[in-house]
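Colleague: Input: one structure, supplied below.
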Amino acid sequence: MTRTILFGATVHTMDHAGTFKADLAIEDGKIVSIGDVDIQDGDVRIDCSGRMIAPALTDIHTHIYWGGTALGVKPERVARRSGTGVFVDAGSSGAGNVLGLDTFIFRPSPFYTFAFLNVSFPGIFGFAKEVMIGEAEDLRLLDKSACIEAVSRHKDILVGLKVRAGKLAAGENGGRALEIGLEIAETAGLPLMCHVDFEPPTIETILDSLRPGDIITHCFRPAPNAPVKDGLVKRAVWAARERGVHFDIGHGMGGFSFETCRIMLGEGMLPDLISSDIHCLSIDGPAFDVLTTLNKLVALGLDLDTALKAATSTPAAILKRPPLGRIRAGEQANLAILAPGDEPSKLTDATGETLILDRPLTCAGLVVKGMAIDADGLPHPIRELKEC
């Protein structure tokens with residue numbers, strides 16, 4: 001077998017703190033060596049000098065049920081530009097249509113794909129510029145037995161349950177939808193990801209209800225119903241963090257505020273998970289993708305190691321698939337080759353505030369399942385990885 005050698009880069013394995021200079025030897029899609037590699041006849045060498053190699057990013061909050069739901073987008077549009085190798089659909093489908101998500105989106109995909117099952121039977125069916133109907137406005141759609149049966153049938157792809165507990169998604173039913181979601185998650189033995197928008201319920205009610213291992217998404221959202229008030233982090237936030245609730249950025253079109261982020265980071269309240277919440281109304285801005293979202297956190301003072309962990313090893317652990325969040329000899333090659341940009345970038349949050357990051361991280365190459373991913377999201381033999 002021909003080996004591909006990525007040389008000259010610093011490597012962030014996520015098994016160790018920080019980065020170190022090393023070469024990677026890849027053969028038959030697997031990493032066979034990390035460190036000083038003895039070059040052999042026939043090796044394909046790719047110069048990655050000045051780059052950092054990290055695990056391919058995991059975006060734990062996306063909407064990729066393209067063609068099956070109005071909000072869905074193609075992951076191929078953002079994978080290569082953002083270094084994303086793992087896409088987790090966050091509730092686009094419910095028990096009534098998760099089979100379609102698996103059959104038509106996940107199975108043909110060159111990426112790793114998983115889903116949080118929406119507790120509403122049709123999933124998010126009415127989310128678009130033309131129509132906006134919350135999937136939990138009618139509680140008849142929140143069928144527990146259907147969800148449990150779907151989880152049993154699709155254990156290989158379903159990593160949790162999703163409920164959108166807020167006025168936009170549930171009308172006045174947000175509190176009850178949250179209760180039902182928790183009951184289903186408890187029975188299924190899975191975590192619950194809970195969306196928050198306008199009240200009811202309040203963000204305090206949501207945080208007080210979530211269990212250890214559950215996820216609150218849009219955790220740095222702007223007012224109203226923000227996690228901060230009068231320049232301070234709310235007590236319910238700290239209580240949930242101490243209890244083991246995970247905090248997910250979930251940028252989207254309305255879920256992330258620079259001002260909220262400044263307050264949260266200023267008090268030491270860091271996100272556990274950095275995700276994009278890409279969908280039809282956010283993929284072309286303001287969210288764009290998970291790497292852009294990560295750059296926004298770095299621009300506001302989050303250190304790069306912590307930011308990378310929140311988009312690699314932490315989500316991989318939550319998915320119970322740790323190898324997807326690390327680089328280790330003997331395991332499949334899933335790599336993002338990252339480089340500092342040449343020009344400053346203007347970054348915009350969900351409220352329209354902008355800031356400038358001098359040298360944002362960009363993706364110079366992506367390897368998923370041992371294959372090089374091109375700009376169109378198509379896989380090729382790793383030896384065809386373009387010069388980085």
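By order in the structure tokens, chains are A, B, ...; within a chain, residues start at 1; ligands start at 1, following the order shown.
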Using only C-alpha atoms, which protein or nucleic acid residues come within 6 Å of segment 319-327 of chain A? Drop anything in the same chain fewer than 5 positions from it, and give the result as a PyMOL selection string.

Modeller: chain A and resi 13-14+55+312-313

Colleague: Generate a file of the selected residues that holds N, CA and C atoms, formatted as a PDB file, in the first residue's frame.

Modeller:
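Dumped everything to result-v1.pdb:
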```pdb
ATOM      1  N   THR A  13      -3.397  16.404  18.727  1.00  0.00           N
ATOM      2  CA  THR A  13      -4.059  15.094  18.758  1.00  0.00           C
ATOM      3  C   THR A  13      -5.298  15.083  19.633  1.00  0.00           C
ATOM      4  N   MET A  14      -5.441  16.067  20.532  1.00  0.00           N
ATOM      5  CA  MET A  14      -6.468  16.124  21.564  1.00  0.00           C
ATOM      6  C   MET A  14      -6.255  15.075  22.645  1.00  0.00           C
ATOM      7  N   PRO A  55      -8.130  16.990  14.766  1.00  0.00           N
ATOM      8  CA  PRO A  55      -9.210  16.097  14.339  1.00  0.00           C
ATOM      9  C   PRO A  55     -10.212  16.858  13.475  1.00  0.00           C
ATOM     10  N   THR A 312     -14.288  19.158  18.922  1.00  0.00           N
ATOM     11  CA  THR A 312     -13.678  17.868  18.567  1.00  0.00           C
ATOM     12  C   THR A 312     -13.901  16.823  19.667  1.00  0.00           C
ATOM     13  N   SER A 313     -13.056  16.838  20.686  1.00  0.00           N
ATOM     14  CA  SER A 313     -13.071  15.746  21.662  1.00  0.00           C
ATOM     15  C   SER A 313     -14.314  15.749  22.549  1.00  0.00           C
TER      16      SER A 313
END
```

Colleague: Could you pull out all residues of segment 132-245 of chain A with a DSSP call of alpha helix (DSSP H) and give them as a short mmCIF file (atom, residue, chain, number, x, y, z; two decimals) with N, CA and C atoms, in the first residue's frame?

Modeller:
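Everything below was put into selection-v5.cif:
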```
data_model
loop_
_atom_site.label_atom_id
_atom_site.label_comp_id
_atom_site.auth_asym_id
_atom_site.auth_seq_id
_atom_site.Cartn_x
_atom_site.Cartn_y
_atom_site.Cartn_z
N LYS A 144 -44.99 9.73 22.71
CA LYS A 144 -43.88 9.06 23.41
C LYS A 144 -43.58 7.70 22.81
N SER A 145 -44.61 6.90 22.60
CA SER A 145 -44.38 5.53 22.13
C SER A 145 -43.74 5.53 20.75
N ALA A 146 -44.14 6.46 19.89
CA ALA A 146 -43.55 6.52 18.56
C ALA A 146 -42.06 6.86 18.64
N CYS A 147 -41.71 7.77 19.54
CA CYS A 147 -40.30 8.13 19.72
C CYS A 147 -39.48 6.95 20.23
N ILE A 148 -40.00 6.25 21.22
CA ILE A 148 -39.27 5.11 21.79
C ILE A 148 -39.07 4.03 20.73
N GLU A 149 -40.09 3.79 19.93
CA GLU A 149 -39.97 2.79 18.87
C GLU A 149 -38.92 3.21 17.84
N ALA A 150 -38.91 4.50 17.49
CA ALA A 150 -37.93 5.00 16.52
C ALA A 150 -36.51 4.87 17.06
N VAL A 151 -36.33 5.17 18.34
CA VAL A 151 -35.01 5.03 18.95
C VAL A 151 -34.56 3.58 18.90
N SER A 152 -35.46 2.66 19.15
CA SER A 152 -35.13 1.24 19.11
C SER A 152 -34.72 0.80 17.71
N ARG A 153 -35.38 1.34 16.69
CA ARG A 153 -35.10 0.94 15.30
C ARG A 153 -33.82 1.57 14.76
N LYS A 167 -41.37 29.84 22.55
CA LYS A 167 -42.60 30.35 21.96
C LYS A 167 -42.64 30.16 20.44
N LEU A 168 -41.50 30.33 19.78
CA LEU A 168 -41.47 30.21 18.33
C LEU A 168 -41.70 28.77 17.87
N ALA A 169 -41.28 27.82 18.68
CA ALA A 169 -41.38 26.42 18.29
C ALA A 169 -42.55 25.69 18.91
N ALA A 170 -43.05 26.21 20.05
CA ALA A 170 -44.08 25.48 20.79
C ALA A 170 -45.26 26.35 21.20
N GLY A 174 -44.37 25.27 25.49
CA GLY A 174 -42.96 24.98 25.67
C GLY A 174 -42.64 24.21 26.93
N GLY A 175 -43.26 24.60 28.03
CA GLY A 175 -43.00 23.91 29.29
C GLY A 175 -43.43 22.46 29.24
N ARG A 176 -44.59 22.21 28.69
CA ARG A 176 -45.08 20.83 28.60
C ARG A 176 -44.26 20.02 27.60
N ALA A 177 -43.86 20.64 26.49
CA ALA A 177 -43.02 19.94 25.51
C ALA A 177 -41.70 19.52 26.16
N LEU A 178 -41.14 20.38 27.00
CA LEU A 178 -39.91 20.05 27.70
C LEU A 178 -40.13 18.86 28.63
N GLU A 179 -41.22 18.85 29.35
CA GLU A 179 -41.52 17.73 30.24
C GLU A 179 -41.64 16.42 29.47
N ILE A 180 -42.34 16.47 28.35
CA ILE A 180 -42.50 15.26 27.54
C ILE A 180 -41.15 14.81 26.99
N GLY A 181 -40.35 15.76 26.53
CA GLY A 181 -39.03 15.42 26.02
C GLY A 181 -38.17 14.75 27.06
N LEU A 182 -38.21 15.25 28.28
CA LEU A 182 -37.44 14.64 29.36
C LEU A 182 -37.94 13.24 29.69
N GLU A 183 -39.25 13.04 29.66
CA GLU A 183 -39.80 11.71 29.92
C GLU A 183 -39.34 10.71 28.86
N ILE A 184 -39.35 11.13 27.59
CA ILE A 184 -38.92 10.25 26.51
C ILE A 184 -37.43 9.94 26.64
N ALA A 185 -36.64 10.97 26.88
CA ALA A 185 -35.19 10.79 27.01
C ALA A 185 -34.85 9.86 28.17
N GLU A 186 -35.57 10.01 29.28
CA GLU A 186 -35.32 9.16 30.44
C GLU A 186 -35.63 7.70 30.10
N THR A 187 -36.76 7.47 29.43
CA THR A 187 -37.13 6.11 29.06
C THR A 187 -36.14 5.52 28.06
N ALA A 188 -35.69 6.34 27.12
CA ALA A 188 -34.78 5.87 26.08
C ALA A 188 -33.34 5.74 26.58
N ILE A 203 -35.58 30.67 30.44
CA ILE A 203 -34.33 29.91 30.38
C ILE A 203 -34.01 29.30 31.74
N GLU A 204 -34.43 29.97 32.82
CA GLU A 204 -34.21 29.41 34.16
C GLU A 204 -35.00 28.12 34.33
N THR A 205 -36.25 28.09 33.83
CA THR A 205 -37.05 26.86 33.93
C THR A 205 -36.41 25.73 33.17
N ILE A 206 -35.91 26.03 31.98
CA ILE A 206 -35.25 25.00 31.17
C ILE A 206 -34.02 24.48 31.90
N LEU A 207 -33.16 25.39 32.35
CA LEU A 207 -31.92 24.98 33.01
C LEU A 207 -32.18 24.17 34.27
N ASP A 208 -33.19 24.57 35.03
CA ASP A 208 -33.51 23.85 36.26
C ASP A 208 -34.05 22.45 36.00
N SER A 209 -34.58 22.24 34.78
CA SER A 209 -35.20 20.96 34.46
C SER A 209 -34.23 19.95 33.87
N ARG A 235 -27.92 32.86 38.05
CA ARG A 235 -27.59 31.79 38.99
C ARG A 235 -27.96 30.42 38.44
N ALA A 236 -29.06 30.35 37.70
CA ALA A 236 -29.50 29.06 37.16
C ALA A 236 -28.47 28.47 36.21
N VAL A 237 -27.70 29.32 35.54
CA VAL A 237 -26.65 28.85 34.64
C VAL A 237 -25.57 28.11 35.42
N TRP A 238 -25.11 28.73 36.51
CA TRP A 238 -24.07 28.11 37.33
C TRP A 238 -24.55 26.81 37.96
N ALA A 239 -25.81 26.80 38.40
CA ALA A 239 -26.35 25.58 39.01
C ALA A 239 -26.40 24.44 38.01
N ALA A 240 -26.80 24.76 36.76
CA ALA A 240 -26.86 23.73 35.73
C ALA A 240 -25.47 23.23 35.37
N ARG A 241 -24.49 24.14 35.29
CA ARG A 241 -23.13 23.74 35.00
C ARG A 241 -22.61 22.79 36.08
N GLU A 242 -22.85 23.13 37.34
CA GLU A 242 -22.40 22.27 38.44
C GLU A 242 -23.08 20.91 38.42
N ARG A 243 -24.30 20.87 37.87
CA ARG A 243 -25.06 19.62 37.83
C ARG A 243 -24.63 18.74 36.66
#
```

Colleague: May I have the residues within 8 Å of segment 101-116 of chain A as a list in words, using only C-alpha atoms and disregarding those fewer than 3 positions away in the same chain?

Modeller: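 Residues near the query, excluding close chain neighbours: Ile64, Tyr65, Trp66, Gly68, Gly85, Val86, Phe87, Val88, Asp89, Ala90, Gly91, Ser93, Asn97, Val98, Ile157, Leu158, Val159, Gly160, Leu161, Lys162, Met193, Val368, Lys369, Leu378 and Pro379 of chain A.
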
Colleague: Please measure the separation of atom CA of Met269 of chain A and atom CA of Thr306 of chain A, giving the value in Å to one decimal.

Modeller: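 Calculated distance between atom CA of Met269 of chain A and atom CA of Thr306 of chain A is 12.2 Å.
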
Colleague: Please run DSSP on the backbone and report, as a list in words, all residues within segment 147-270 of chain A that come out as strand (DSSP E or B).

Modeller: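 Secondary structure check on segment 147-270 of chain A, strand (DSSP E or B): Leu158, Val159, Gly160, Leu161, Lys162, Val163, Arg164, Ala165, Leu192, Met193, Cys194, His195, Val196, Ile215, Ile216, Thr217, Phe220, Val228, Lys229, Leu232, Val233, His246, Phe247, Asp248 and Phe256 of chain A.
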
Colleague: Please, could you write that set of residues out with C-alpha atoms as a PDB file, in the first residue's frame?

Modeller:
```pdb
ATOM      1  CA  LEU A 158     -29.714   8.355  17.099  1.00  0.00           C
ATOM      2  CA  VAL A 159     -27.602   9.901  19.861  1.00  0.00           C
ATOM      3  CA  GLY A 160     -30.308  11.751  21.775  1.00  0.00           C
ATOM      4  CA  LEU A 161     -33.665  13.504  21.739  1.00  0.00           C
ATOM      5  CA  LYS A 162     -34.368  17.113  20.725  1.00  0.00           C
ATOM      6  CA  VAL A 163     -37.079  19.454  21.947  1.00  0.00           C
ATOM      7  CA  ARG A 164     -37.554  23.064  20.954  1.00  0.00           C
ATOM      8  CA  ALA A 165     -39.022  24.549  24.119  1.00  0.00           C
ATOM      9  CA  LEU A 192     -31.970  15.577  25.663  1.00  0.00           C
ATOM     10  CA  MET A 193     -30.915  18.621  23.673  1.00  0.00           C
ATOM     11  CA  CYS A 194     -33.187  21.553  24.476  1.00  0.00           C
ATOM     12  CA  HIS A 195     -33.539  24.655  22.320  1.00  0.00           C
ATOM     13  CA  VAL A 196     -34.436  27.942  23.976  1.00  0.00           C
ATOM     14  CA  ILE A 215     -27.611  19.851  26.484  1.00  0.00           C
ATOM     15  CA  ILE A 216     -28.941  23.391  26.334  1.00  0.00           C
ATOM     16  CA  THR A 217     -28.391  24.862  22.889  1.00  0.00           C
ATOM     17  CA  PHE A 220     -25.133  32.364  24.599  1.00  0.00           C
ATOM     18  CA  VAL A 228     -27.360  36.897  31.527  1.00  0.00           C
ATOM     19  CA  LYS A 229     -29.084  39.858  33.155  1.00  0.00           C
ATOM     20  CA  LEU A 232     -24.128  39.100  35.164  1.00  0.00           C
ATOM     21  CA  VAL A 233     -24.523  35.385  34.502  1.00  0.00           C
ATOM     22  CA  HIS A 246     -23.668  20.756  28.681  1.00  0.00           C
ATOM     23  CA  PHE A 247     -23.733  24.244  27.131  1.00  0.00           C
ATOM     24  CA  ASP A 248     -23.846  24.367  23.318  1.00  0.00           C
ATOM     25  CA  PHE A 256     -25.542  33.740  19.503  1.00  0.00           C
TER      26      PHE A 256
END
```

Colleague: Just the residues within 12 Å of Glu130 of chain A, please, counting only C-alpha atoms, with nothing from its chain fewer than 5 positions along; format it as a list of chain:residue names.

Modeller: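 So, after excluding close chain neighbours, the residues are A:Ala70, A:Leu71, A:Cys280, A:Leu281.
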
Colleague: Generate a file of the selected residues that holds C-alpha atoms, formatted as a PDB file, in the first residue's frame.

Modeller:
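Listed below is the output, out-v3.pdb:
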```
ATOM      1  CA  ALA A  70     -37.593  22.946   4.273  1.00  0.00           C
ATOM      2  CA  LEU A  71     -34.822  24.003   6.651  1.00  0.00           C
ATOM      3  CA  CYS A 280     -31.651  27.372   5.290  1.00  0.00           C
ATOM      4  CA  LEU A 281     -31.683  30.750   7.087  1.00  0.00           C
TER       5      LEU A 281
END
```

Colleague: Quick one: residues within 8 Å of segment 338-341 of chain A, only C-alpha atoms counted, chain neighbours fewer than 2 positions away excluded, as an MDAnalysis selection string?

Modeller: chainID A and resid 50:54 83 336 343:344 359:365

Colleague: Save the residues we just selected, N, CA and C atoms, as a compact mmCIF listing (two decimals), in the first residue's frame?

Modeller:
```txt
# COMPACT_ATOMS: atom_id res chain seq x y z
N GLY A 50 3.64 25.22 8.30
CA GLY A 50 2.87 26.39 8.71
C GLY A 50 1.42 26.10 9.00
N ARG A 51 1.05 24.83 8.96
CA ARG A 51 -0.34 24.43 9.22
C ARG A 51 -0.44 23.71 10.56
N MET A 52 -1.67 23.57 11.05
CA MET A 52 -1.95 22.75 12.22
C MET A 52 -2.91 21.65 11.81
N ILE A 53 -2.60 20.43 12.21
CA ILE A 53 -3.49 19.30 11.93
C ILE A 53 -4.23 18.95 13.22
N ALA A 54 -5.54 18.99 13.14
CA ALA A 54 -6.41 18.67 14.27
C ALA A 54 -7.40 17.60 13.83
N GLY A 83 -13.65 22.36 7.63
CA GLY A 83 -12.93 21.27 8.28
C GLY A 83 -13.83 20.33 9.06
N ALA A 336 -8.52 17.68 10.06
CA ALA A 336 -8.70 19.02 9.51
C ALA A 336 -7.33 19.69 9.49
N GLU A 343 -5.94 37.35 5.50
CA GLU A 343 -6.57 38.66 5.62
C GLU A 343 -7.50 38.69 6.82
N PRO A 344 -7.70 39.89 7.40
CA PRO A 344 -8.67 40.02 8.49
C PRO A 344 -10.07 39.63 8.01
N ARG A 359 -6.48 37.18 11.93
CA ARG A 359 -6.06 35.99 11.18
C ARG A 359 -6.95 34.80 11.57
N PRO A 360 -8.16 34.75 11.05
CA PRO A 360 -9.04 33.64 11.40
C PRO A 360 -8.50 32.33 10.88
N LEU A 361 -8.83 31.25 11.59
CA LEU A 361 -8.47 29.93 11.10
C LEU A 361 -9.26 29.60 9.83
N THR A 362 -8.57 29.03 8.85
CA THR A 362 -9.21 28.55 7.65
C THR A 362 -8.87 27.08 7.48
N CYS A 363 -9.60 26.39 6.63
CA CYS A 363 -9.34 24.98 6.39
C CYS A 363 -8.57 24.82 5.09
N ALA A 364 -7.38 24.23 5.18
CA ALA A 364 -6.54 24.01 4.00
C ALA A 364 -6.66 22.59 3.47
N GLY A 365 -7.32 21.72 4.20
CA GLY A 365 -7.49 20.34 3.75
C GLY A 365 -8.34 19.56 4.73
```

Colleague: Looking at A:Thr351, A:Thr62, A:Thr4, A:Ser49, which one is nearest to Ile31 of chain A, with distances taken over only C-alpha atoms?

Modeller: A:Thr4

Colleague: Env of Thr293 of chain A: 7 Å cut, atoms = only C-alpha atoms, seq-sep filter 6 positions within chain, self excluded. Answer as a ChimeraX atom specification.

Modeller: /A:275-276,287

Colleague: Tell me which of A:Asp59, A:Glu135, A:Asp376, A:Asp38 sits closest to Gly94 of chain A, counting only C-alpha atoms.

Modeller: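 Using only C-alpha atoms, the shortest distance to Gly94 of chain A belongs to A:Glu135.
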
Colleague: Near Ala311 of chain A, within 7 Å and counting only C-alpha atoms, which residues show up once chain neighbours fewer than 5 positions away are dropped, as an MDAnalysis selection string?

Modeller: chainID A and resid 57:59 273:274

Colleague: Pick the closest to Gly134 of chain A from A:Pro122, A:Gly29, A:Gly352, A:Pro381: which is it, counting only C-alpha atoms?

Modeller: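 Smallest distance to Gly134 of chain A is found for A:Pro122.
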
Colleague: At what distance in Å, to one decimal, does atom CA of Ile34 of chain A lie from atom CA of Asp47 of chain A?

Modeller: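 Atom CA of Ile34 of chain A lies at a distance of 15.2 Å from atom CA of Asp47 of chain A.
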
Colleague: Could you tell me which of A:Val119, A:Glu76, A:Asn295, A:Met253 comes closest to Ser92 of chain A if we count only C-alpha atoms?

Modeller: A:Val119

Colleague: Mind giving me the straight-line distance from atom CA of Arg140 of chain A to atom CA of Lys155 of chain A in Å, one decimal?

Modeller: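 Atom CA of Arg140 of chain A sits 24.6 Å away from atom CA of Lys155 of chain A.
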
Colleague: In terms of the shortest atom-to-atom distance over only C-alpha atoms, which of A:Asn334, A:Ala317, A:Leu347, A:Ala307 is closest to Ser257 of chain A?

Modeller: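 Among the listed residues, A:Leu347 lies closest to Ser257 of chain A.
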